[in-house]
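Data block for model12.cif (mmCIF, C-alpha atoms):
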data_input
loop_
_atom_site.label_atom_id
_atom_site.label_comp_id
_atom_site.auth_asym_id
_atom_site.auth_seq_id
_atom_site.Cartn_x
_atom_site.Cartn_y
_atom_site.Cartn_z
CA MET W 1 146.51 364.26 104.93
CA SER W 2 145.96 367.28 107.15
CA PRO W 3 143.11 369.77 106.47
CA ASP W 4 145.61 372.50 105.55
CA THR W 5 147.41 370.24 103.07
CA THR W 6 144.10 369.12 101.56
CA SER W 7 142.99 372.72 101.19
CA ALA W 8 146.28 373.67 99.48
CA ALA W 9 146.02 370.69 97.11
CA ASP W 10 142.41 371.57 96.26
CA LEU W 11 143.44 375.17 95.60
CA ARG W 12 146.24 374.11 93.23
CA LEU W 13 143.86 371.76 91.39
CA HIS W 14 141.29 374.54 91.13
CA ARG W 15 143.85 376.93 89.65
CA ILE W 16 144.96 374.33 87.08
CA HIS W 17 141.33 373.72 86.19
CA GLN W 18 140.71 377.43 85.65
CA ALA W 19 143.88 377.89 83.56
CA VAL W 20 143.02 374.95 81.30
CA LYS W 21 139.40 376.05 81.01
CA TRP W 22 140.16 379.61 79.90
CA THR W 23 142.88 378.43 77.53
CA VAL W 24 140.31 376.16 75.83
CA TYR W 25 137.76 378.99 75.70
CA THR W 26 140.33 381.29 74.08
CA LEU W 27 141.31 378.70 71.46
CA LEU W 28 137.63 378.14 70.66
CA LEU W 29 137.22 381.87 70.06
CA VAL W 30 140.14 381.80 67.62
CA ASN W 31 138.54 378.88 65.77
CA PHE W 32 135.28 380.84 65.60
CA GLY W 33 137.01 383.49 63.52
CA TYR W 34 138.17 380.81 61.08
CA TYR W 35 134.66 379.42 60.63
CA ILE W 36 133.23 382.87 59.94
CA ALA W 37 135.85 383.35 57.21
CA GLU W 38 135.09 379.87 55.81
CA ASP W 39 131.36 380.64 55.58
CA VAL W 40 132.10 383.95 53.83
CA ILE W 41 134.33 382.19 51.29
CA ARG W 42 131.71 379.48 50.67
CA GLY W 43 129.02 382.14 50.27
CA ALA W 44 131.05 383.83 47.55
CA HIS W 45 130.69 380.62 45.51
CA THR W 46 127.17 379.51 46.43
CA LEU W 47 125.10 382.67 47.01
CA THR W 48 123.72 385.00 44.38
CA ALA W 49 121.40 388.01 44.30
CA GLU W 50 118.50 385.57 43.82
CA SER W 51 119.38 383.42 46.86
CA THR W 52 116.58 383.00 49.39
CA PHE W 53 116.74 383.83 53.09
CA LEU W 54 116.93 380.10 53.87
CA GLN W 55 119.88 379.72 51.48
CA TRP W 56 121.68 382.58 53.23
CA THR W 57 121.04 381.17 56.70
CA SER W 58 121.99 377.69 55.50
CA ASN W 59 125.27 379.00 54.11
CA PHE W 60 126.07 380.71 57.42
CA ALA W 61 124.71 377.81 59.50
CA VAL W 62 128.14 377.08 60.98
CA THR W 63 128.61 380.71 62.06
CA MET W 64 125.17 380.75 63.67
CA ASP W 65 125.84 377.36 65.24
CA GLU W 66 129.18 378.45 66.71
CA ALA W 67 127.63 381.66 68.07
CA ALA W 68 124.90 379.64 69.79
CA TRP W 69 127.49 377.27 71.26
CA PHE W 70 129.52 380.17 72.68
CA ILE W 71 126.44 381.69 74.29
CA LEU W 72 125.49 378.29 75.72
CA LEU W 73 128.98 377.77 77.08
CA PHE W 74 128.83 381.21 78.71
CA MET W 75 125.40 380.50 80.22
CA PHE W 76 126.55 377.15 81.64
CA GLU W 77 129.70 378.81 82.99
CA LEU W 78 127.58 381.39 84.80
CA GLU W 79 125.22 378.81 86.25
CA THR W 80 127.77 376.17 87.22
CA TYR W 81 130.62 378.39 88.43
CA ALA W 82 130.36 382.19 88.37
CA LEU W 83 127.01 382.78 90.08
CA SER W 84 126.14 381.71 93.61
CA ASP W 85 123.11 379.58 94.48
CA GLU W 86 121.44 382.69 95.91
CA ALA W 87 121.93 384.61 92.66
CA LEU W 88 120.49 381.77 90.58
CA LYS W 89 116.93 382.40 91.65
CA GLY W 90 113.93 384.22 90.29
CA TRP W 91 114.34 386.24 87.14
CA VAL W 92 118.07 385.42 86.80
CA ALA W 93 117.37 381.69 86.54
CA ARG W 94 114.49 382.33 84.11
CA LEU W 95 116.73 384.56 81.97
CA LEU W 96 119.50 381.96 81.80
CA HIS W 97 117.06 379.21 80.89
CA GLY W 98 115.38 381.46 78.29
CA VAL W 99 118.67 382.33 76.60
CA ARG W 100 119.65 378.67 76.54
CA LEU W 101 116.31 377.82 74.93
CA VAL W 102 116.99 380.38 72.17
CA CYS W 103 120.41 378.78 71.63
CA PHE W 104 118.82 375.34 71.39
CA VAL W 105 116.52 376.73 68.68
CA MET W 106 119.52 378.14 66.79
CA ILE W 107 121.29 374.78 66.96
CA ALA W 108 118.09 373.04 65.85
CA HIS W 109 118.03 375.41 62.84
CA THR W 110 121.56 374.33 62.01
CA ILE W 111 120.49 370.68 62.04
CA TYR W 112 117.53 371.62 59.83
CA ALA W 113 119.92 373.37 57.42
CA TYR W 114 122.11 370.26 57.33
CA GLY W 115 119.04 368.12 56.66
CA ASN W 116 118.00 370.45 53.86
CA ALA W 117 121.50 370.16 52.39
CA VAL W 118 121.21 366.36 52.38
CA ILE W 119 117.89 366.59 50.54
CA THR W 120 119.14 369.04 47.92
CA LEU W 121 122.22 366.89 47.27
CA GLN W 122 120.22 363.74 46.53
CA PRO W 123 119.16 364.46 42.91
CA THR W 124 121.83 363.47 40.40
CA VAL W 125 121.46 366.15 37.74
CA PRO W 126 124.03 365.89 34.91
CA VAL W 127 125.44 369.03 33.33
CA GLU W 128 124.51 368.91 29.66
CA ASP W 129 126.95 369.52 26.80
CA ALA W 130 130.02 369.26 29.01
CA THR W 131 132.53 366.44 28.61
CA HIS W 132 135.42 368.45 30.05
CA LEU W 133 135.42 370.96 32.88
CA CYS W 134 136.80 373.60 30.54
CA ASP W 135 133.48 373.46 28.67
CA LEU W 136 132.05 375.23 31.73
CA ALA W 137 134.78 377.85 32.05
CA ASP W 138 133.86 381.49 32.62
CA GLN W 139 130.16 380.75 33.24
CA ASP W 140 130.15 381.94 36.88
CA LEU W 141 130.31 378.34 38.08
CA SER W 142 132.47 376.79 40.78
CA TYR W 143 133.87 373.29 41.12
CA VAL W 144 133.80 371.65 44.55
CA TYR W 145 135.63 368.65 45.90
CA ASN W 146 136.04 367.86 49.59
CA LEU W 147 134.54 371.26 50.55
CA GLU W 148 137.13 373.17 48.49
CA TYR W 149 135.53 375.57 46.00
CA THR W 150 137.34 376.84 42.91
CA ASP W 151 136.04 379.19 40.24
CA ILE W 152 135.98 377.41 36.88
CA THR W 153 138.04 379.53 34.52
CA GLN W 154 140.24 378.83 31.52
CA GLU W 155 143.22 379.03 33.87
CA THR W 156 141.90 376.58 36.51
CA CYS W 157 139.67 374.12 34.63
CA GLY W 158 142.44 371.86 33.35
CA GLY W 159 143.75 370.86 36.77
CA LEU W 160 140.52 370.35 38.71
CA SER W 161 139.11 367.08 37.36
CA SER W 162 139.78 364.56 34.60
CA ALA W 163 136.18 363.30 34.56
CA THR W 164 134.02 363.45 31.44
CA GLN W 165 130.67 363.86 33.22
CA PHE W 166 129.74 366.55 35.73
CA TYR W 167 126.77 367.10 38.04
CA ARG W 168 124.98 369.96 39.73
CA VAL W 169 125.64 370.19 43.47
CA GLY W 170 122.31 371.05 45.02
CA ASP W 171 120.69 374.30 43.91
CA ASP W 172 123.93 376.28 43.96
CA PRO W 173 125.93 377.46 40.92
CA VAL W 174 128.37 374.66 41.74
CA VAL W 175 129.31 371.45 39.91
CA SER W 176 131.43 368.40 40.66
CA ASP W 177 132.23 365.00 39.21
CA MET W 178 130.58 361.84 40.59
CA ALA W 179 133.31 361.24 43.18
CA GLY W 180 132.99 364.83 44.41
CA LEU W 181 129.17 364.66 44.54
CA ARG W 182 129.28 361.38 46.46
CA LEU W 183 131.72 362.88 48.96
CA GLU W 184 129.56 366.00 49.42
CA ARG W 185 126.64 363.73 50.30
CA GLN W 186 128.70 361.79 52.83
CA LEU W 187 129.95 364.98 54.47
CA ALA W 188 126.40 366.32 54.67
CA TRP W 189 125.32 363.18 56.57
CA ALA W 190 128.34 363.55 58.87
CA ASP W 191 127.20 367.12 59.63
CA ILE W 192 123.73 365.91 60.58
CA TYR W 193 125.03 363.16 62.86
CA GLU W 194 127.45 365.53 64.58
CA GLY W 195 124.75 368.18 65.09
CA VAL W 196 122.28 365.69 66.58
CA ALA W 197 124.96 364.14 68.82
CA TRP W 198 125.93 367.55 70.19
CA LEU W 199 122.30 368.46 70.79
CA LEU W 200 121.78 365.25 72.78
CA ALA W 201 124.97 365.93 74.76
CA LEU W 202 123.66 369.40 75.55
CA LEU W 203 120.36 367.98 76.76
CA ALA W 204 122.31 365.61 79.03
CA ILE W 205 124.27 368.55 80.50
CA GLU W 206 121.04 370.52 80.92
CA LEU W 207 119.51 367.56 82.77
CA VAL W 208 122.46 367.33 85.17
CA VAL W 209 122.32 371.08 85.84
CA ARG W 210 118.56 370.96 86.51
CA LEU W 211 118.97 367.96 88.83
CA GLN W 212 121.71 369.66 90.82
CA ASP W 213 119.61 372.82 90.96
CA ARG W 214 117.10 370.67 92.84
CA GLY W 215 119.75 369.29 95.17
CA VAL W 216 120.07 365.91 93.45
CA THR W 217 123.66 364.60 93.43
CA GLY W 218 123.17 360.96 92.40
CA GLY W 219 120.73 358.35 91.25
CA ALA W 220 119.99 356.41 88.06
CA LEU W 221 118.91 359.43 86.02
CA MET W 222 122.07 361.35 86.91
CA GLN W 223 124.30 358.37 86.05
CA THR W 224 122.47 357.75 82.76
CA ALA W 225 122.97 361.39 81.75
CA LYS W 226 126.68 361.28 82.63
CA TRP W 227 127.39 358.00 80.84
CA GLY W 228 125.28 358.97 77.84
CA LYS W 229 127.18 362.23 77.54
CA SER W 230 130.53 360.43 77.62
CA LEU W 231 129.45 358.04 74.85
CA LEU W 232 128.24 360.97 72.76
CA TYR W 233 131.61 362.72 73.21
CA LEU W 234 133.35 359.58 71.93
CA SER W 235 131.10 359.37 68.88
CA ILE W 236 131.64 363.07 68.14
CA LEU W 237 135.37 362.52 68.39
CA GLY W 238 134.93 359.70 65.88
CA VAL W 239 133.34 362.16 63.44
CA GLY W 240 136.34 364.43 63.98
CA VAL W 241 138.69 361.57 63.11
CA TYR W 242 136.65 361.01 59.93
CA TRP W 243 137.15 364.66 59.01
CA ALA W 244 140.87 364.29 59.66
CA THR W 245 141.10 361.32 57.25
CA LEU W 246 139.89 363.77 54.59
CA SER W 247 142.66 366.23 55.59
CA HIS W 248 140.29 368.51 57.54
CA TRP W 249 142.54 368.48 60.58
CA LEU W 250 141.13 371.74 61.91
CA TYR W 251 137.69 370.12 62.26
CA LEU W 252 139.17 367.39 64.46
CA TRP W 253 140.97 370.06 66.48
CA ASP W 254 137.69 371.95 66.82
CA GLU W 255 135.87 368.84 68.07
CA ILE W 256 138.60 368.25 70.66
CA LEU W 257 138.36 371.87 71.83
CA TRP W 258 134.56 371.82 72.15
CA ILE W 259 134.65 368.52 74.04
CA GLY W 260 137.30 370.10 76.27
CA GLY W 261 135.09 373.17 76.76
CA PHE W 262 132.11 371.12 77.92
CA MET W 263 134.32 368.85 80.01
CA ALA W 264 135.30 372.07 81.80
CA ILE W 265 131.60 372.59 82.52
CA ASP W 266 131.51 368.99 83.79
CA MET W 267 134.37 369.87 86.15
CA ASN W 268 132.38 372.87 87.36
CA LEU W 269 129.46 370.53 88.00
CA SER W 270 131.73 368.12 89.90
CA GLU W 271 133.01 370.94 92.14
CA TRP W 272 129.45 372.12 92.68
CA ARG W 273 128.35 368.55 93.51
CA LYS W 274 131.25 368.19 95.96
CA GLU W 275 130.22 371.40 97.74
CA MET W 276 126.63 370.14 97.98
CA LEU W 277 127.77 366.84 99.49
CA GLU W 278 130.01 368.64 101.98
CA GLU W 279 127.09 370.84 103.00
CA GLU W 280 124.91 367.75 103.48
CA VAL W 281 127.58 366.17 105.72
CA ALA W 282 127.91 369.40 107.69
CA VAL W 283 124.15 369.50 108.27
CA VAL W 284 124.10 365.87 109.44
CA HIS W 285 126.90 366.49 111.94
CA ALA W 286 125.57 369.83 113.10
#
What do you get writing this file as structure tokens?
Amino acid sequence: MSPDTTSAADLRLHRIHQAVKWTVYTLLLVNFGYYIAEDVIRGAHTLTAESTFLQWTSNFAVTMDEAAWFILLFMFELETYALSDEALKGWVARLLHGVRLVCFVMIAHTIYAYGNAVITLQPTVPVEDATHLCDLADQDLSYVYNLEYTDITQETCGGLSSATQFYRVGDDPVVSDMAGLRLERQLAWADIYEGVAWLLALLAIELVVRLQDRGVTGGALMQTAKWGKSLLYLSILGVGVYWATLSHWLYLWDEILWIGGFMAIDMNLSEWRKEMLEEEVAVVHA
């Protein structure tokens, strides 16, 4: 293949890469709006005037988490594509790394909130004097099953559950039957696993970026980070499939989009690595 043909092919591939990348980023932004609305709706059922700061931040953990992820994605985009090697020096590099560190802290808070949710869901506290959900009607309580919250009123109580025993769900003004409580616990553990897996994937990306910043394009550490990241993506996708089996198809879609977003960063890193190798070859033959 001639140099001109190769250049034209590379240019077409680059344009496709950019189009796919910005389409994924746009779809992720749309999903962000949905998660904000979901947290607001959940807060209407779980938060009261007496709720603590931790309860508020825990309720909006997903919103905070998504915001941190968007900032991280933007920072990686700047460092791996938008800014030149000359620009990524001095205070600019320190600023990017500092912002990423803040985002890591925000994501760590989200994992802490998920862990706290697991702990608060462990006690099995029966609701006294209630053998039918309608016994709890109009008491400012909500019923939850599979993350769907419904106010318990005389109009809704008859169709929510046929159980004869109900349980408190954490410290919130929320109840469920045993099947619903068990499912809430399982979903809380799924949240923790997903959060930790994403954090490890981020650390792998950060390692690759730092290595390439130092001119490293290969080696055992680089390969371990790349393979580890791929395995983490697969496990995260597995969590998304689990969500889908519970009819939370949007969560699977969201996992696919975020994996696509960070694979776009991986493509940026590949292009960057290719440029570094070409420069090394040019120096050798100079």
Can you tell me which residues surround stretch 57-74 of chain W at a distance of at most 7 Å, considering only C-alpha atoms, apart from same-chain residues fewer than 4 positions away, and format the answer as a PyMOL selection string? chain W and resi 32+35-36+39+43+53+78+100+103+106-107+110+113
If we count all atoms listed in the file, what is near W:Tyr193 at a cut-off of 9 Å, once residues fewer than 5 positions away on the same chain are taken out, given as a list in words? Ile111, Ala188, Trp198, Ile236 and Val239 of chain W
If we draw a sphere of 7 Å around (129.3, 369.9, 77.7), which residues have at least one atom in it when counting all atoms listed in the file? Please report them as a PyMOL selection string. chain W and resi 201-202+205+259+261-263+265-266
What do you get, as a ChimeraX atom specification, if you spell out every residue that the PyMOL selection byres ((chain W and resi 115) around 12) selects here? /W:58,61,108-114,116-122,185,187-196
For W:Lys21, which residue among W:Tyr81, W:His97, W:Arg42, W:Tyr34 is the nearest when counting all atoms listed in the file?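 Under the stated criterion, the closest residue is W:Tyr81.
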Considering all atoms listed in the file, return as a VMD selection string whatever protein or nucleic-acid residues lie within 9 Å of W:Val175, sequence-local ones (same chain, fewer than 2 positions apart) excluded. chain W and resid 127 141 to 144 166 to 170 172 to 173 177 180 to 181
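Reported to one decimal place, the separation of atom CA of W:Ser235 from atom CA of W:Ala197 is 7.8 Å.
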As an exercise, work out the distance from atom CA of W:Ala179 to atom CA of W:Glu148 in Å and give it to one decimal place.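 Between atom CA of W:Ala179 and atom CA of W:Glu148 the gap works out to 13.6 Å.
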Mind giving me the straight-line distance from atom CA of W:Glu184 to atom CA of W:Val241 in Å, one decimal?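 Between atom CA of W:Glu184 and atom CA of W:Val241 the gap works out to 17.0 Å.
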Can you list, as a ChimeraX atom specification, every protein, DNA or RNA residue that comes within 10 Å of W:Asp254 when you count only C-alpha atoms, leaving out same-chain residues fewer than 5 positions away? /W:27-28,31-32,237,240,249,259-260
Taking only C-alpha atoms into account, name the residue in W:Val102, W:Leu269, W:Val174, W:Leu234 that is nearest to W:Leu207.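 That would be W:Leu269, the residue with the smallest distance to W:Leu207.
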Of the candidates W:Leu133, W:Ser176, W:Ala163, W:Val105, which one gets nearest to W:Tyr145 if we count all atoms listed in the file?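 Among the listed residues, W:Ser176 lies closest to W:Tyr145.
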Taking all atoms listed in the file into account, name the residue in W:Gly215, W:Tyr242, W:Asp171, W:Asn268 that is nearest to W:Glu50.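 Looking only at the distances to W:Glu50, the closest residue turns out to be W:Asp171.
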Can you build me a table of stretch 191-247 of chain W residues sitting at most 12 Å from stretch 90-93 of chain W, with the closest atom pair per residue and its distance in Å to one decimal, using all atoms listed in the file, sorted by chain and residue number, as CSV?
residue,atom,partner,partner_atom,distance
W:Val209,CA,W:Ala93,CA,11.7
W:Arg210,CA,W:Ala93,CA,10.8
W:Asp213,CA,W:Ala93,CA,10.2
Looking at W:Asp151, W:Glu128, W:Glu38, W:Glu206, which one is nearest to W:Glu79, with distances taken over only C-alpha atoms?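 So, comparing all the options, the nearest one is W:Glu206.
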Pick from W:Thr150, W:Thr48, W:Thr224, W:Thr156: nearest to W:Asp135, with all atoms listed in the file counted? W:Thr156
Listed atoms of stretch 187-198 of chain W boxed along x, y and z, 8 Å each side, centre and edge lengths in Å, one decimal, as AutoDock Vina command-line options:
--center_x 126.1 --center_y 365.7 --center_z 62.3 --size_x 23.7 --size_y 21.0 --size_z 31.7
Rebuild all heavy atoms on stretch 27-38 of chain W, as an mmCIF file, keeping the file's coordinate frame?
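The result, stored in out.cif:
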data_model
loop_
_atom_site.group_PDB
_atom_site.id
_atom_site.type_symbol
_atom_site.label_atom_id
_atom_site.label_comp_id
_atom_site.auth_asym_id
_atom_site.auth_seq_id
_atom_site.Cartn_x
_atom_site.Cartn_y
_atom_site.Cartn_z
ATOM 1 N N LEU W 27 141.049 379.402 72.721
ATOM 2 C CA LEU W 27 141.310 378.700 71.460
ATOM 3 C C LEU W 27 140.022 378.512 70.658
ATOM 4 O O LEU W 27 140.021 378.594 69.427
ATOM 5 C CB LEU W 27 141.964 377.350 71.745
ATOM 6 C CG LEU W 27 143.399 377.411 72.289
ATOM 7 C CD1 LEU W 27 143.868 376.021 72.706
ATOM 8 C CD2 LEU W 27 144.348 377.994 71.239
ATOM 9 N N LEU W 28 138.914 378.270 71.340
ATOM 10 C CA LEU W 28 137.630 378.140 70.660
ATOM 11 C C LEU W 28 137.237 379.442 69.986
ATOM 12 O O LEU W 28 136.687 379.448 68.874
ATOM 13 C CB LEU W 28 136.543 377.721 71.657
ATOM 14 C CG LEU W 28 136.508 376.248 72.043
ATOM 15 C CD1 LEU W 28 135.565 376.021 73.217
ATOM 16 C CD2 LEU W 28 136.087 375.389 70.855
ATOM 17 N N LEU W 29 137.533 380.556 70.633
ATOM 18 C CA LEU W 29 137.220 381.870 70.060
ATOM 19 C C LEU W 29 138.038 382.105 68.790
ATOM 20 O O LEU W 29 137.532 382.648 67.802
ATOM 21 C CB LEU W 29 137.491 382.969 71.088
ATOM 22 C CG LEU W 29 136.997 384.375 70.728
ATOM 23 C CD1 LEU W 29 135.497 384.373 70.534
ATOM 24 C CD2 LEU W 29 137.388 385.359 71.827
ATOM 25 N N VAL W 30 139.301 381.682 68.810
ATOM 26 C CA VAL W 30 140.140 381.800 67.620
ATOM 27 C C VAL W 30 139.563 380.969 66.478
ATOM 28 O O VAL W 30 139.481 381.421 65.328
ATOM 29 C CB VAL W 30 141.592 381.358 67.933
ATOM 30 C CG1 VAL W 30 142.425 381.298 66.649
ATOM 31 C CG2 VAL W 30 142.233 382.310 68.935
ATOM 32 N N ASN W 31 139.144 379.748 66.784
ATOM 33 C CA ASN W 31 138.540 378.880 65.770
ATOM 34 C C ASN W 31 137.256 379.486 65.201
ATOM 35 O O ASN W 31 136.944 379.323 64.021
ATOM 36 C CB ASN W 31 138.210 377.513 66.380
ATOM 37 C CG ASN W 31 139.382 376.551 66.267
ATOM 38 O OD1 ASN W 31 140.523 376.973 66.186
ATOM 39 N ND2 ASN W 31 139.091 375.266 66.273
ATOM 40 N N PHE W 32 136.519 380.196 66.045
ATOM 41 C CA PHE W 32 135.280 380.840 65.600
ATOM 42 C C PHE W 32 135.552 381.800 64.463
ATOM 43 O O PHE W 32 134.808 381.847 63.470
ATOM 44 C CB PHE W 32 134.642 381.557 66.788
ATOM 45 C CG PHE W 32 133.297 382.165 66.492
ATOM 46 C CD1 PHE W 32 132.424 381.590 65.579
ATOM 47 C CD2 PHE W 32 132.897 383.319 67.151
ATOM 48 C CE1 PHE W 32 131.181 382.146 65.325
ATOM 49 C CE2 PHE W 32 131.663 383.883 66.904
ATOM 50 C CZ PHE W 32 130.799 383.303 65.990
ATOM 51 N N GLY W 33 136.634 382.559 64.582
ATOM 52 C CA GLY W 33 137.010 383.490 63.520
ATOM 53 C C GLY W 33 137.275 382.769 62.206
ATOM 54 O O GLY W 33 136.900 383.244 61.119
ATOM 55 N N TYR W 34 137.891 381.589 62.296
ATOM 56 C CA TYR W 34 138.170 380.810 61.080
ATOM 57 C C TYR W 34 136.877 380.364 60.419
ATOM 58 O O TYR W 34 136.729 380.439 59.200
ATOM 59 C CB TYR W 34 139.014 379.588 61.431
ATOM 60 C CG TYR W 34 139.138 378.613 60.286
ATOM 61 C CD1 TYR W 34 140.087 378.808 59.278
ATOM 62 C CD2 TYR W 34 138.293 377.515 60.181
ATOM 63 C CE1 TYR W 34 140.183 377.925 58.212
ATOM 64 C CE2 TYR W 34 138.378 376.628 59.116
ATOM 65 C CZ TYR W 34 139.335 376.846 58.137
ATOM 66 O OH TYR W 34 139.414 375.979 57.080
ATOM 67 N N TYR W 35 135.909 379.915 61.207
ATOM 68 C CA TYR W 35 134.660 379.420 60.630
ATOM 69 C C TYR W 35 133.847 380.546 59.990
ATOM 70 O O TYR W 35 133.156 380.332 58.985
ATOM 71 C CB TYR W 35 133.837 378.691 61.686
ATOM 72 C CG TYR W 35 134.362 377.309 61.977
ATOM 73 C CD1 TYR W 35 134.878 376.981 63.220
ATOM 74 C CD2 TYR W 35 134.364 376.330 60.993
ATOM 75 C CE1 TYR W 35 135.370 375.711 63.481
ATOM 76 C CE2 TYR W 35 134.855 375.056 61.238
ATOM 77 C CZ TYR W 35 135.361 374.763 62.486
ATOM 78 O OH TYR W 35 135.858 373.501 62.734
ATOM 79 N N ILE W 36 133.898 381.725 60.567
ATOM 80 C CA ILE W 36 133.230 382.870 59.940
ATOM 81 C C ILE W 36 133.837 383.120 58.562
ATOM 82 O O ILE W 36 133.115 383.289 57.560
ATOM 83 C CB ILE W 36 133.363 384.128 60.822
ATOM 84 C CG1 ILE W 36 132.583 383.955 62.126
ATOM 85 C CG2 ILE W 36 132.852 385.357 60.066
ATOM 86 C CD1 ILE W 36 132.768 385.084 63.108
ATOM 87 N N ALA W 37 135.168 383.126 58.493
ATOM 88 C CA ALA W 37 135.850 383.350 57.210
ATOM 89 C C ALA W 37 135.505 382.244 56.213
ATOM 90 O O ALA W 37 135.292 382.512 55.016
ATOM 91 C CB ALA W 37 137.359 383.412 57.439
ATOM 92 N N GLU W 38 135.412 381.000 56.691
ATOM 93 C CA GLU W 38 135.090 379.870 55.810
ATOM 94 C C GLU W 38 133.689 380.010 55.233
ATOM 95 O O GLU W 38 133.466 379.747 54.047
ATOM 96 C CB GLU W 38 135.218 378.564 56.591
ATOM 97 C CG GLU W 38 135.185 377.326 55.713
ATOM 98 C CD GLU W 38 135.431 376.059 56.508
ATOM 99 O OE1 GLU W 38 134.624 375.763 57.412
ATOM 100 O OE2 GLU W 38 136.438 375.369 56.228
#
